[in-house]
Amino acid sequence: MLLKGGEKPRPRGASWVWRKKLLRFVVAICLVGGFTFLLWPHLGREKIVMEDPVSNITVTSGVHCEPDFELLARLDIKKLSGYVKREIVATPTSDTLPIRQHLDTPLFEPLESPNPVSTPQSQDDCLIPKPVSLQVPKPPVRVDASHIDFGVATTLGRLNDSIDAFAHWAGYTQTRIFALIEPDKEERIKEVQMKADALGINLFVEESDEEYQRRYFSLVAHLEHNMQRKTQWSCVIDDDTFFLSMPELVKALGEYDARQPMYVGGLSESIPQVGAFGLMGFGGAGVFMSRPLIQQISEPAIFNDCLNTGHTGDRRISLCVYQNTPTRLTINHRLRQLDMTDDVSGFFEVNRLPPLSVHHWKSWFHTDMAKLSVIGELCGDGCLLRQFEFGDGWILTNGFSVMKYSVDLDPNDPSMEVTWGGQNGANIDSYLHELGPLRPKDNDKFSYAMVDTVLDGNKVRQYYVHRDPEKGDQLLELIWRA
């Protein structure tokens with residue numbers, strides 16, 4: 001191309017080229033800076049999209065539905081970063097089911113895509129639309145446990161706190177519970193009795209001014225004195241002893257000959273505890289004595305001699321049996337003392353038969369067994385702690401947790417993850433005699449723990465929470481229906 005007059009264009013100098021490059025660089029910096037400014041809130045932290053000024057609860061942009069702030073307050077959630085609901089249909093079957101069922105269906109499926117038209121969020125926006133069907137054992141016919149009596153030494157306040165848990169296994173089963181309590185100055189026995197009656201518990205309360213350990217051993221003579229003709233077993237328990245299934249307990253005791261002197265119980269899981277207290281049936285797991293045995297050690301001369309020894313109540317029972325009869329302890333390994341502290345998830349999440357009894361659940365560790373058992377109202381005792389492994393690797397231990405291991409395990413691996421702490425210098429070897437095989441703790445396991453369960457008409461709602469004080473808690477709500 002020629003200019004006017006046929007002149008050729010003059011070449012531009014290096015300074016002009018440099019200015020052009022500089023201009024492009026400045027424009028690029030501005031664009032990158034602008035995008036960084038716009039995106040920075042999403043890169044640095046999750047955006048807060050909702051806050052309740054009354055409860056001081058915040059909800060982040062990771063939650064795609066309108067939450068119930070009263071529910072969040074009840075679950076002690078201060079910051080919510082995730083919320084998923086899943087409906088489960090419990091399908092009863094008479095078939096024999098494995099301890100852990102393996103499913104192709106994932107637990108966490110994608111939620112429906114939001115409507116491109118802006119609409120207010122609803123509580124159903126966090127619900128996975130497709131329910132999942134899970135097979136559960138057909139609930140057994142209500143069992144008659146009138147041949148078993150239980151005795152507990154406690155205070156009236158602790159007894160009252162235990163009634164809801166007792167109702168799960170003792171309610172409407174015809175079993176009887178005899179409580180020896182220290183004298184109650186407020187005379188509230190009638191109130192506790194009325195509560196027990198309303199829940200179908202045959203409770204008999206008597207005051208005693210004896211020291212606790214003497215009162216504990218006095219249950220032996222008290223149970224013997226109150227035996228009926230049909231009584232086969234007398235059991236001494238603690239006020240935080242919990243039986244997961246009365247039908248399973250009746251079945252287990254039916255394997256022993258109650259016409260013979262029998263002393264049935266569970267050892268501590270910890271060798272140092274056995275070393276400290278002896279080879280005996282530990283009281284929290286439940287100490288069962290057949291009719292002939294409890295009659296033998298209730299003979300006045302034997303009973304009074306044993307009563308005046310200086311040992312703990314359950315150890316007095318064992319030494320009294322060993323010193324005065326040829327009967328020895330028959331160990332039932334599903335009666336659990338649970339001398340374990342803090343995180344006991346490894347015990348409850350193991351791929352084995354669930355225990356008959358558990359103990360220390362509101363002291364050495366905290367797992368609300370009364371809440372855990374609510375699912376039984378919908379699908380029977382066989383639902384408690386039943387396990388389901390979903391196609392995406394998440395494992396539901398019903399009523400306890402939803403979790404995913406950080407490493408792949410053999411689907412039939414029976415080993416127990418050691419998550420707990422111990423007493424008196426216990427280490428992993430201390431638990432092999434009762435709980436082996438064992439494996440180390442998975443520190444990267446991701447877990448939702450059950451924090452509440454409610455019976456809602458013909459449904460049961462379970463709330464599982466993963467706690468994270470920094471990023472916010474994640475909530476999984478499982479809605480069970482028959």
# chains A, B, ... in the order shown; residues from 1 in each chain; ligands from 1
$ residues_around --residues "Pro354 in chain A" --least-positions-apart "6" --cutoff "10 Å" --atoms "only C-alpha atoms" --output "NGL selection string"
:A and (99 or 244-245 or 334 or 347-348 or 382 or 384-386)
$ select_by_dssp --residues "range 70-302 of chain A" --states "helix (DSSP H, G or I)" --output "VMD selection string"
chain A and resid 70 to 74 123 to 126 156 to 170 189 to 198 212 to 225 246 to 253 271 to 277 283 to 285 291 to 297 300 to 302
$ closest_residue --among "A:Leu378, A:Glu299, A:Phe288, A:Lys190" --to "Tyr256 in chain A" --atoms "only C-alpha atoms"
A:Phe288
$ closest_residue --among "A:Gly313, A:Pro411, A:Gly157, A:Pro67" --to "Asn351 in chain A" --atoms "only C-alpha atoms"
A:Pro411
$ closest_residue --among "A:Arg439, A:Arg291, A:Lys185, A:His225" --to "Asp413 in chain A" --atoms "only C-alpha atoms"
A:Arg439
$ residues_around --residues "range 164-169 of chain A" --least-positions-apart "6" --cutoff "9 Å" --atoms "only C-alpha atoms" --output "list in words"
Ala196, Leu199, Gly200, Ile201, Asp239, Asp240, Thr241, Phe242, Phe243, Leu244, Ser245, Met246, Pro247, Asp368, Met369, Ala370, Lys371, Ser373, Val374 and Gly376 of chain A
$ decode --residues "range 217-285 of chain A" --atoms "C-alpha atoms" --output "PDB file, in the first residue's frame"
ATOM      1  CA  PHE A 217     -24.855 -57.241  96.810  1.00  0.00           C
ATOM      2  CA  SER A 218     -28.142 -57.161  98.753  1.00  0.00           C
ATOM      3  CA  LEU A 219     -29.863 -57.441  95.376  1.00  0.00           C
ATOM      4  CA  VAL A 220     -28.934 -61.141  95.434  1.00  0.00           C
ATOM      5  CA  ALA A 221     -31.145 -61.879  98.459  1.00  0.00           C
ATOM      6  CA  HIS A 222     -33.760 -59.351  97.295  1.00  0.00           C
ATOM      7  CA  LEU A 223     -34.146 -61.072  93.925  1.00  0.00           C
ATOM      8  CA  GLU A 224     -34.222 -64.523  95.526  1.00  0.00           C
ATOM      9  CA  HIS A 225     -36.913 -63.392  97.972  1.00  0.00           C
ATOM     10  CA  ASN A 226     -39.101 -62.060  95.135  1.00  0.00           C
ATOM     11  CA  MET A 227     -38.810 -65.043  92.795  1.00  0.00           C
ATOM     12  CA  GLN A 228     -41.983 -66.444  91.274  1.00  0.00           C
ATOM     13  CA  ARG A 229     -42.585 -70.086  90.399  1.00  0.00           C
ATOM     14  CA  LYS A 230     -41.758 -69.349  86.748  1.00  0.00           C
ATOM     15  CA  THR A 231     -38.540 -67.417  87.530  1.00  0.00           C
ATOM     16  CA  GLN A 232     -35.510 -69.047  85.881  1.00  0.00           C
ATOM     17  CA  TRP A 233     -32.946 -66.222  85.847  1.00  0.00           C
ATOM     18  CA  SER A 234     -32.070 -63.351  88.168  1.00  0.00           C
ATOM     19  CA  CYS A 235     -29.812 -60.644  86.748  1.00  0.00           C
ATOM     20  CA  VAL A 236     -27.948 -57.817  88.479  1.00  0.00           C
ATOM     21  CA  ILE A 237     -27.348 -54.771  86.264  1.00  0.00           C
ATOM     22  CA  ASP A 238     -26.091 -51.191  86.510  1.00  0.00           C
ATOM     23  CA  ASP A 239     -28.452 -48.303  85.838  1.00  0.00           C
ATOM     24  CA  ASP A 240     -26.664 -47.711  82.516  1.00  0.00           C
ATOM     25  CA  THR A 241     -26.858 -51.313  81.322  1.00  0.00           C
ATOM     26  CA  PHE A 242     -28.692 -51.449  78.000  1.00  0.00           C
ATOM     27  CA  PHE A 243     -29.956 -54.573  76.222  1.00  0.00           C
ATOM     28  CA  LEU A 244     -30.399 -54.106  72.485  1.00  0.00           C
ATOM     29  CA  SER A 245     -33.029 -56.806  72.052  1.00  0.00           C
ATOM     30  CA  MET A 246     -35.049 -58.737  74.602  1.00  0.00           C
ATOM     31  CA  PRO A 247     -35.907 -61.448  72.041  1.00  0.00           C
ATOM     32  CA  GLU A 248     -32.176 -61.935  71.381  1.00  0.00           C
ATOM     33  CA  LEU A 249     -31.445 -62.032  75.112  1.00  0.00           C
ATOM     34  CA  VAL A 250     -34.170 -64.617  75.750  1.00  0.00           C
ATOM     35  CA  LYS A 251     -32.810 -66.679  72.863  1.00  0.00           C
ATOM     36  CA  ALA A 252     -29.246 -66.488  74.223  1.00  0.00           C
ATOM     37  CA  LEU A 253     -30.261 -67.513  77.758  1.00  0.00           C
ATOM     38  CA  GLY A 254     -32.291 -70.362  76.276  1.00  0.00           C
ATOM     39  CA  GLU A 255     -29.036 -72.003  75.222  1.00  0.00           C
ATOM     40  CA  TYR A 256     -28.142 -72.615  78.889  1.00  0.00           C
ATOM     41  CA  ASP A 257     -29.715 -75.131  81.269  1.00  0.00           C
ATOM     42  CA  ALA A 258     -31.360 -72.896  83.876  1.00  0.00           C
ATOM     43  CA  ARG A 259     -32.194 -75.967  85.977  1.00  0.00           C
ATOM     44  CA  GLN A 260     -28.501 -76.202  86.856  1.00  0.00           C
ATOM     45  CA  PRO A 261     -26.460 -73.686  88.874  1.00  0.00           C
ATOM     46  CA  MET A 262     -25.334 -71.205  86.198  1.00  0.00           C
ATOM     47  CA  TYR A 263     -23.311 -68.011  86.522  1.00  0.00           C
ATOM     48  CA  VAL A 264     -23.331 -66.202  83.143  1.00  0.00           C
ATOM     49  CA  GLY A 265     -21.670 -62.874  82.366  1.00  0.00           C
ATOM     50  CA  GLY A 266     -19.164 -60.968  80.304  1.00  0.00           C
ATOM     51  CA  LEU A 267     -15.537 -60.124  81.072  1.00  0.00           C
ATOM     52  CA  SER A 268     -14.102 -56.662  80.742  1.00  0.00           C
ATOM     53  CA  GLU A 269     -12.627 -56.087  77.296  1.00  0.00           C
ATOM     54  CA  SER A 270      -9.494 -54.696  78.975  1.00  0.00           C
ATOM     55  CA  ILE A 271      -6.896 -57.001  80.555  1.00  0.00           C
ATOM     56  CA  PRO A 272      -5.831 -54.329  83.130  1.00  0.00           C
ATOM     57  CA  GLN A 273      -9.456 -54.142  84.302  1.00  0.00           C
ATOM     58  CA  VAL A 274      -9.604 -57.931  84.629  1.00  0.00           C
ATOM     59  CA  GLY A 275      -6.314 -57.793  86.541  1.00  0.00           C
ATOM     60  CA  ALA A 276      -7.703 -55.170  88.906  1.00  0.00           C
ATOM     61  CA  PHE A 277     -11.111 -56.724  89.571  1.00  0.00           C
ATOM     62  CA  GLY A 278     -10.760 -60.412  88.779  1.00  0.00           C
ATOM     63  CA  LEU A 279     -12.107 -63.092  86.483  1.00  0.00           C
ATOM     64  CA  MET A 280     -15.793 -62.405  86.978  1.00  0.00           C
ATOM     65  CA  GLY A 281     -19.011 -61.332  85.347  1.00  0.00           C
ATOM     66  CA  PHE A 282     -18.717 -57.546  85.177  1.00  0.00           C
ATOM     67  CA  GLY A 283     -21.871 -55.888  86.447  1.00  0.00           C
ATOM     68  CA  GLY A 284     -22.391 -53.383  83.650  1.00  0.00           C
ATOM     69  CA  ALA A 285     -22.700 -56.181  81.115  1.00  0.00           C
TER      70      ALA A 285
END
